[in-house]
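Everything below belongs to protein.csv, which stores CSV, C-alpha atoms.
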```csv
chain,number,residue,atom,x,y,z
A,1,MET,CA,-17.1,37.3,62.0
A,2,THR,CA,-19.7,39.9,62.8
A,3,ARG,CA,-19.6,43.5,61.5
A,4,GLU,CA,-18.7,44.6,65.0
A,5,GLU,CA,-15.7,42.2,65.2
A,6,ASP,CA,-14.6,43.1,61.7
A,7,THR,CA,-14.2,46.8,62.6
A,8,LYS,CA,-12.4,46.5,65.9
A,9,VAL,CA,-9.4,48.8,66.3
A,10,TYR,CA,-6.5,47.9,68.6
A,11,TYR,CA,-4.5,50.6,70.4
A,12,ALA,CA,-1.1,50.6,72.1
A,13,ASP,CA,-1.1,51.9,75.7
A,14,GLY,CA,-1.1,55.7,75.8
A,15,ALA,CA,-2.4,56.0,72.2
A,16,SER,CA,-5.3,58.3,73.1
A,17,HIS,CA,-5.2,60.8,70.3
A,18,LEU,CA,-8.0,59.1,68.3
A,19,GLU,CA,-11.5,59.9,69.6
A,20,PRO,CA,-13.9,57.1,70.4
A,21,GLY,CA,-16.2,56.5,67.4
A,22,SER,CA,-13.5,57.4,65.0
A,23,LEU,CA,-14.2,56.5,61.3
A,24,LEU,CA,-11.2,54.3,61.5
A,25,GLY,CA,-13.3,51.8,63.3
A,26,ILE,CA,-15.9,51.4,60.6
A,27,LEU,CA,-13.6,51.4,57.5
A,28,PRO,CA,-13.6,48.0,55.8
A,29,MET,CA,-10.0,48.4,54.6
A,30,ALA,CA,-6.8,47.8,56.5
A,31,VAL,CA,-5.6,50.7,58.7
A,32,ILE,CA,-2.4,51.1,60.6
A,33,GLY,CA,-1.0,53.9,62.7
A,34,TYR,CA,2.6,54.2,63.6
A,35,TYR,CA,5.0,56.8,65.2
A,36,LEU,CA,7.6,58.3,63.0
A,37,GLU,CA,10.3,58.5,65.7
A,38,ASP,CA,10.7,54.7,66.1
A,39,ALA,CA,8.2,53.1,63.7
A,40,SER,CA,6.3,51.5,66.6
A,41,VAL,CA,2.6,50.7,65.8
A,42,PHE,CA,0.1,52.4,68.1
A,43,MET,CA,-3.1,51.4,66.2
A,44,ILE,CA,-4.2,48.6,63.9
A,45,ASN,CA,-7.6,47.3,62.9
A,46,GLU,CA,-8.9,43.8,62.3
A,47,ALA,CA,-8.7,44.2,58.5
A,48,ALA,CA,-5.0,45.0,58.7
A,49,LEU,CA,-4.4,42.0,61.0
A,50,ARG,CA,-6.1,39.7,58.5
A,51,LEU,CA,-4.1,41.1,55.7
A,52,ILE,CA,-0.8,40.6,57.5
A,53,GLY,CA,-1.8,37.2,58.8
A,54,SER,CA,-2.2,35.2,62.0
A,55,ALA,CA,1.5,35.4,62.8
A,56,TYR,CA,1.0,38.9,64.0
A,57,ASP,CA,-2.1,38.3,66.1
A,58,GLU,CA,0.0,38.0,69.1
A,59,CYS,CA,0.6,41.7,69.0
A,60,VAL,CA,-3.0,42.1,70.2
A,61,VAL,CA,-4.6,41.2,73.5
A,62,PRO,CA,-8.3,40.7,72.4
A,63,ASP,CA,-9.9,41.0,75.8
A,64,ASN,CA,-8.9,44.7,76.3
A,65,LEU,CA,-8.1,45.7,72.8
A,66,LYS,CA,-4.6,46.8,73.8
A,67,MET,CA,-1.5,46.0,71.7
A,68,THR,CA,1.7,44.5,73.3
A,69,GLU,CA,4.8,46.7,73.4
A,70,ASN,CA,7.4,46.9,70.8
A,71,PHE,CA,5.2,46.0,67.8
A,72,LYS,CA,6.9,47.9,65.0
A,73,LEU,CA,6.3,48.6,61.3
A,74,SER,CA,9.6,46.7,60.5
A,75,ASP,CA,8.0,43.5,61.9
A,76,PHE,CA,6.1,43.2,58.6
A,77,VAL,CA,7.3,45.8,56.1
A,78,ASP,CA,10.1,44.3,53.9
A,79,ALA,CA,13.5,45.3,55.1
A,80,GLU,CA,14.4,46.6,51.6
A,81,ASP,CA,11.5,49.0,51.6
A,82,MET,CA,11.5,50.1,55.3
A,83,ASP,CA,13.8,53.1,55.0
A,84,ARG,CA,12.0,54.4,52.0
A,85,VAL,CA,8.6,54.1,53.7
A,86,MET,CA,9.8,56.1,56.7
A,87,ALA,CA,11.6,58.7,54.7
A,88,VAL,CA,8.6,59.6,52.6
A,89,HIS,CA,6.5,60.7,55.5
A,90,ARG,CA,9.3,62.3,57.6
A,91,GLY,CA,9.8,64.9,55.0
A,92,LYS,CA,6.1,65.9,54.9
A,93,ALA,CA,4.2,68.6,56.7
A,94,ILE,CA,1.5,67.8,59.2
A,95,GLY,CA,-1.7,67.0,57.4
A,96,ASP,CA,0.1,66.0,54.2
A,97,SER,CA,-0.8,62.7,52.6
A,98,GLU,CA,1.4,60.5,50.5
A,99,SER,CA,1.0,57.1,48.7
A,100,ILE,CA,3.8,54.6,48.5
A,101,GLU,CA,4.1,51.1,47.2
A,102,CYS,CA,6.0,48.6,49.2
A,103,ARG,CA,6.2,44.9,50.1
A,104,ILE,CA,5.0,43.3,53.4
A,105,ASN,CA,5.9,40.0,54.8
A,106,CYS,CA,2.9,38.0,56.0
A,107,ALA,CA,2.2,34.8,57.8
A,108,GLY,CA,3.4,31.6,56.3
A,109,GLY,CA,6.2,33.3,54.3
A,110,LYS,CA,3.7,35.1,52.0
A,111,ARG,CA,4.8,38.4,50.6
A,112,LEU,CA,2.4,41.0,49.3
A,113,TRP,CA,2.7,44.2,47.4
A,114,VAL,CA,0.6,46.9,49.0
A,115,LYS,CA,-0.2,50.6,48.4
A,116,SER,CA,0.0,52.6,51.6
A,117,CYS,CA,-2.0,55.9,51.6
A,118,GLY,CA,-0.8,57.7,54.7
A,119,THR,CA,-1.4,61.0,56.4
A,120,LYS,CA,1.0,62.6,58.8
A,121,ILE,CA,-0.5,63.7,62.1
A,122,ILE,CA,0.6,65.0,65.5
A,123,THR,CA,-0.8,63.0,68.5
A,124,ASN,CA,-2.2,64.6,71.6
A,125,ASP,CA,1.1,64.1,73.3
A,126,GLY,CA,3.0,65.9,70.5
A,127,ARG,CA,4.4,62.9,68.7
A,128,ALA,CA,4.7,62.8,64.9
A,129,ALA,CA,2.8,59.8,63.4
A,130,VAL,CA,1.2,58.4,60.3
A,131,VAL,CA,-2.2,56.9,59.9
A,132,SER,CA,-2.2,54.8,56.8
A,133,VAL,CA,-4.8,52.8,54.8
A,134,ILE,CA,-3.2,49.7,53.3
A,135,MET,CA,-4.5,48.1,50.1
A,136,ASP,CA,-3.3,44.8,48.5
A,137,ILE,CA,-2.1,45.5,45.0
A,138,SER,CA,-0.2,42.3,44.4
A,139,LYS,CA,-2.4,41.2,41.4
A,140,HIS,CA,-2.0,44.6,39.8
A,141,ILE,CA,1.8,44.5,40.2
A,142,MET,CA,1.9,41.0,38.8
A,143,THR,CA,-0.2,42.0,35.8
A,144,GLU,CA,2.1,45.0,35.2
A,145,ARG,CA,5.1,42.8,35.3
A,146,ARG,CA,3.6,40.3,33.0
A,147,LEU,CA,2.7,43.0,30.4
A,148,LEU,CA,6.2,44.4,30.7
A,149,GLU,CA,7.7,41.0,30.2
A,150,GLU,CA,5.6,40.5,27.1
A,151,ALA,CA,6.5,43.9,25.7
A,152,GLU,CA,10.3,43.4,26.2
A,153,HIS,CA,10.7,39.7,25.4
A,154,ASP,CA,10.3,37.4,22.4
A,155,SER,CA,7.2,35.3,23.0
A,156,LEU,CA,8.7,32.0,21.7
A,157,THR,CA,12.2,32.0,23.2
A,158,GLY,CA,11.8,34.3,26.2
A,159,ILE,CA,14.9,36.3,25.4
A,160,TYR,CA,14.8,40.0,24.6
A,161,ASN,CA,13.1,41.3,21.5
A,162,ARG,CA,14.6,43.8,19.0
A,163,LYS,CA,13.2,46.9,20.6
A,164,LYS,CA,14.4,46.1,24.2
A,165,ALA,CA,17.8,44.9,23.0
A,166,LYS,CA,18.3,48.1,21.0
A,167,SER,CA,17.4,50.2,23.9
A,168,LEU,CA,19.9,48.4,26.2
A,169,ILE,CA,22.7,48.5,23.7
A,170,GLU,CA,22.2,52.2,23.0
A,171,GLN,CA,22.6,52.8,26.8
A,172,TYR,CA,25.8,50.9,26.8
A,173,ILE,CA,27.2,52.8,23.8
A,174,LEU,CA,26.3,56.1,25.4
A,175,SER,CA,28.1,55.1,28.6
A,176,GLY,CA,31.3,54.6,26.6
A,177,CYS,CA,31.5,50.8,26.5
A,178,ASN,CA,33.9,49.4,23.9
A,179,GLY,CA,31.5,46.6,23.0
A,180,MET,CA,31.2,43.9,20.4
A,181,MET,CA,28.1,42.8,18.5
A,182,PHE,CA,27.3,39.5,16.9
A,183,ILE,CA,24.4,38.6,14.5
A,184,CYS,CA,23.7,34.9,14.3
A,185,ASP,CA,21.7,33.1,11.5
A,186,ILE,CA,20.8,29.4,11.5
A,187,ASP,CA,22.1,27.6,8.5
A,188,ASN,CA,19.5,25.5,6.6
A,189,PHE,CA,16.7,26.6,8.9
A,190,LYS,CA,14.2,26.7,6.0
A,191,LEU,CA,14.8,23.0,5.5
A,192,VAL,CA,13.6,22.3,9.0
A,193,ASN,CA,10.3,24.0,8.4
A,194,ASP,CA,9.9,22.5,5.0
A,195,THR,CA,10.8,18.9,5.7
A,196,ILE,CA,10.0,18.4,9.4
A,197,GLY,CA,7.5,21.1,10.1
A,198,HIS,CA,7.1,24.4,12.0
A,199,ILE,CA,7.0,22.7,15.5
A,200,ALA,CA,10.5,21.4,14.9
A,201,GLY,CA,11.5,24.8,13.6
A,202,ASP,CA,10.3,26.4,16.8
A,203,ASP,CA,12.2,23.8,18.8
A,204,VAL,CA,15.4,24.7,16.9
A,205,LEU,CA,14.9,28.4,17.8
A,206,VAL,CA,14.2,27.6,21.4
A,207,GLU,CA,17.3,25.4,21.7
A,208,LEU,CA,19.6,28.1,20.3
A,209,ALA,CA,18.1,30.7,22.8
A,210,GLY,CA,18.6,28.2,25.6
A,211,LEU,CA,22.3,27.6,24.7
A,212,MET,CA,22.8,31.4,24.6
A,213,ARG,CA,21.3,31.9,28.0
A,214,LEU,CA,23.3,29.0,29.4
A,215,ARG,CA,26.7,30.0,28.0
A,216,LEU,CA,26.5,33.8,27.9
A,217,LYS,CA,23.7,34.9,30.3
A,218,ASP,CA,25.9,37.0,32.6
A,219,ASP,CA,27.8,38.8,30.0
A,220,ALA,CA,25.7,39.6,27.0
A,221,VAL,CA,22.5,41.2,25.8
A,222,ILE,CA,20.8,38.4,24.0
A,223,ALA,CA,17.9,38.9,21.6
A,224,ARG,CA,15.9,37.4,18.8
A,225,PHE,CA,15.5,39.9,16.1
A,226,GLY,CA,12.9,37.9,14.1
A,227,GLY,CA,12.8,34.6,12.2
A,228,ASP,CA,16.1,32.7,12.8
A,229,GLU,CA,18.2,35.9,13.4
A,230,TYR,CA,19.7,36.4,16.8
A,231,MET,CA,21.8,39.2,18.2
A,232,LEU,CA,24.3,39.2,21.0
A,233,PHE,CA,26.0,42.3,22.4
A,234,PHE,CA,29.0,42.2,24.8
A,235,PRO,CA,29.3,45.5,26.6
A,236,ASP,CA,33.0,44.9,27.3
A,237,LYS,CA,35.0,42.9,24.8
A,238,ASP,CA,37.7,40.7,26.2
A,239,ALA,CA,40.1,38.2,24.6
A,240,GLU,CA,37.8,35.3,25.1
A,241,VAL,CA,34.7,36.6,23.4
A,242,ILE,CA,35.5,35.0,20.0
A,243,ASP,CA,36.4,31.7,21.6
A,244,ARG,CA,33.1,31.7,23.6
A,245,MET,CA,31.1,32.4,20.4
A,246,ASN,CA,32.9,29.6,18.7
A,247,MET,CA,32.0,27.3,21.6
A,248,LEU,CA,28.3,28.4,21.3
A,249,ARG,CA,28.5,27.7,17.5
A,250,ALA,CA,30.0,24.2,18.1
A,251,ASP,CA,27.5,23.4,20.9
A,252,PHE,CA,24.6,24.3,18.8
A,253,LYS,CA,25.8,22.2,15.9
A,254,ALA,CA,26.4,19.2,18.1
A,255,CYS,CA,22.9,19.6,19.7
A,256,MET,CA,21.3,19.7,16.2
A,257,LYS,CA,23.2,16.7,15.0
A,258,VAL,CA,21.7,14.7,17.8
A,259,LYS,CA,18.2,16.0,17.5
A,260,TYR,CA,18.0,16.3,13.7
A,261,PRO,CA,20.8,14.2,12.2
A,262,GLN,CA,19.2,14.2,8.7
A,263,LEU,CA,19.7,17.9,8.4
A,264,ASN,CA,22.9,19.9,8.3
A,265,ILE,CA,21.9,22.6,10.8
A,266,SER,CA,24.7,25.0,11.9
A,267,LEU,CA,25.2,28.6,12.9
A,268,SER,CA,26.8,31.4,10.9
A,269,VAL,CA,27.9,34.5,12.8
A,270,GLY,CA,28.9,38.0,11.8
A,271,GLY,CA,30.6,40.4,14.3
A,272,ALA,CA,31.6,44.0,14.7
A,273,GLU,CA,33.3,46.0,17.4
A,274,GLY,CA,33.8,49.5,18.6
A,275,ALA,CA,31.0,51.3,16.6
A,276,LYS,CA,29.7,54.6,18.0
A,277,ASP,CA,26.0,54.0,17.5
A,278,PHE,CA,23.6,51.0,17.2
A,279,ASP,CA,22.9,51.4,13.4
A,280,THR,CA,26.6,51.3,12.6
A,281,PHE,CA,27.1,48.3,14.8
A,282,TYR,CA,24.3,46.4,13.3
A,283,GLY,CA,25.2,47.3,9.7
A,284,GLU,CA,28.8,46.2,10.1
A,285,ALA,CA,27.8,43.0,11.9
A,286,ASP,CA,25.3,42.3,9.2
A,287,LYS,CA,27.9,42.7,6.4
A,288,ALA,CA,30.1,40.3,8.3
A,289,LEU,CA,27.2,37.8,8.6
A,290,TYR,CA,26.7,38.0,4.8
A,291,MET,CA,30.3,36.9,4.3
A,292,ALA,CA,29.9,34.1,6.9
A,293,LYS,CA,26.7,32.8,5.2
A,294,LYS,CA,28.7,32.3,2.0
A,295,ILE,CA,30.7,29.6,3.8
A,296,LYS,CA,28.4,28.6,6.6
A,297,ASP,CA,29.2,27.4,10.1
A,298,VAL,CA,31.9,30.1,10.6
A,299,ILE,CA,32.4,33.4,12.4
A,300,LYS,CA,33.4,36.5,10.4
A,301,ILE,CA,34.4,39.8,11.9
A,302,TYR,CA,33.9,43.1,10.0
A,303,GLU,CA,37.1,44.8,9.0
```
Target format structure tokens, applied to this file:
Amino acid sequence: MTREEDTKVYYADGASHLEPGSLLGILPMAVIGYYLEDASVFMINEAALRLIGSAYDECVVPDNLKMTENFKLSDFVDAEDMDRVMAVHRGKAIGDSESIECRINCAGGKRLWVKSCGTKIITNDGRAAVVSVIMDISKHIMTERRLLEEAEHDSLTGIYNRKKAKSLIEQYILSGCNGMMFICDIDNFKLVNDTIGHIAGDDVLVELAGLMRLRLKDDAVIARFGGDEYMLFFPDKDAEVIDRMNMLRADFKACMKVKYPQLNISLSVGGAEGAKDFDTFYGEADKALYMAKKIKDVIKIYE
């Protein structure tokens, strides 16, 4: 593609408010113009067409550089973001610029995160419109999400770490939830590392986290607090919580008996309910766990 082809700008019929030789024609980034009243696109350049993908090439008639009718922003901006995109600029004064991040749906089912830097204008025929430069920020968004995931989750098991779990639980407590907390500790875990090795130890930790996600994923905040200590918090205690924790304990013991029959691996659990702050919750559950560890493979509730 030649430089001249790369910088073509396509206009809808009647879109005459941009003078010939406009800088929009020589910008190397994607540029789109659309009317605010109906979100119809009146101008798009070659870079924007390439970004969106070949599925939208049909909106352009290359021989006269005119766009077909009824090509709208909603044809490619994700439906969940469309109202937000339009509302941002409708509330601005003429000449004001605003940046917004949104998703666009491209050819072949591809979805991109983009940053749209738009300026509100008035066309020669008096219509409010936006001319926007579009930049693909998908890699940046993915990097941010990966870093957030790493900051909030335990690297081995993939469940929440202590910091994130504490934050979530404190929010539940502040909202008035009558919750219940459990602290779980793996019985004879040190024997796994000492007799089979740390790879097997990691496997045991991952297996327990997997069972927690499988059995309790929709109801509880699940976290690894370090070592072989896990924490579960149910925002709303019901009559079946204890039964479900006992099922988790039994499932884990059965799984370990199959994988490591030479070791007596089980789960001790301490629980507490109705505390008014995280530290009290944790302290009471920890005291109950201490009592459970004296017996092993049981659940004890703080009284």
**Message:** Nearest residue to Ile104 in chain A out of A:Ser138, A:Thr119, A:Asn246, A:Ser266, using all atoms listed in the file?
**Reply:** A:Ser138
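Taking only C-alpha atoms into account, Met180 in chain A lies nearest to A:Leu232 out of the set A:Val131, A:Ala209, A:Leu289, A:Leu232.
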**Selection near range 146-158 of chain A, 9 Å with all atoms listed in the file, sequence-local residues under 6 positions removed, as a list in words** = Lys164, Ala165, Asp202, Leu205, Val206, Glu207, Leu208, Ala209, Gly210, Ala223, Arg224, Phe225 and Gly226 of chain A
Would you write out, as CSV, a table of all residues in range 161-240 of chain A that have an atom no more than 9 Å from an atom of range 292-303 of chain A, listing for each the closest atom pair and the distance in Å to one decimal, considering all atoms listed in the file and ordering rows by chain and rising residue number?
```
residue,atom,partner,partner_atom,distance
A:Phe182,CA,A:Ile301,CA,8.7
A:Asp185,CA,A:Lys293,CA,8.0
A:Ile186,CA,A:Asp297,CA,8.7
A:Asp187,CA,A:Lys296,CA,6.7
```
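The list of residues with at least one atom within 9 Å of Ala48 in chain A, based on only C-alpha atoms and without residues fewer than 2 positions apart in the same chain, reads Met29, Ala30, Val31, Ile32, Ile44, Asn45, Glu46, Arg50, Leu51, Ile52, Gly53, Val133 and Ile134 of chain A.
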**Item:** Nearby residues (all atoms listed in the file) at most 12 Å from Lys259 in chain A, same-chain spacing under 3 positions excluded, as number ranges by chain
**Value:** A: 192, 196, 200-201, 203-204, 207, 252-256, 262-265
**Message:** For a test of reading the model, state the distance in Å between CA of Met86 in chain A and CA of Cys117 in chain A, rounded to one decimal.
**Reply:** 12.9 Å
**Shell of 9 Å around Ile94 in chain A, all atoms listed in the file, local chain residues under 2 positions omitted, as a count of residues only** = 8
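Take CA of Asp279 in chain A and CA of Leu267 in chain A: the distance between them is 22.9 Å.
Taking CA of Pro235 in chain A and CA of Gly271 in chain A as endpoints, the distance between them is 13.4 Å.
Within 9 Å of Ala39 in chain A, once all atoms listed in the file are used and residues closer than 4 positions along the same chain are dropped, the contacting residues are Tyr34, Tyr35, Phe71, Lys72, Leu73, Ser74, Met86 and Ala129 of chain A.
Of the listed residues A:Ser268, A:Asn70, A:Asn161, A:Ser167, the one whose atoms come nearest to Phe189 in chain A is A:Ser268, with distances taken using only C-alpha atoms.
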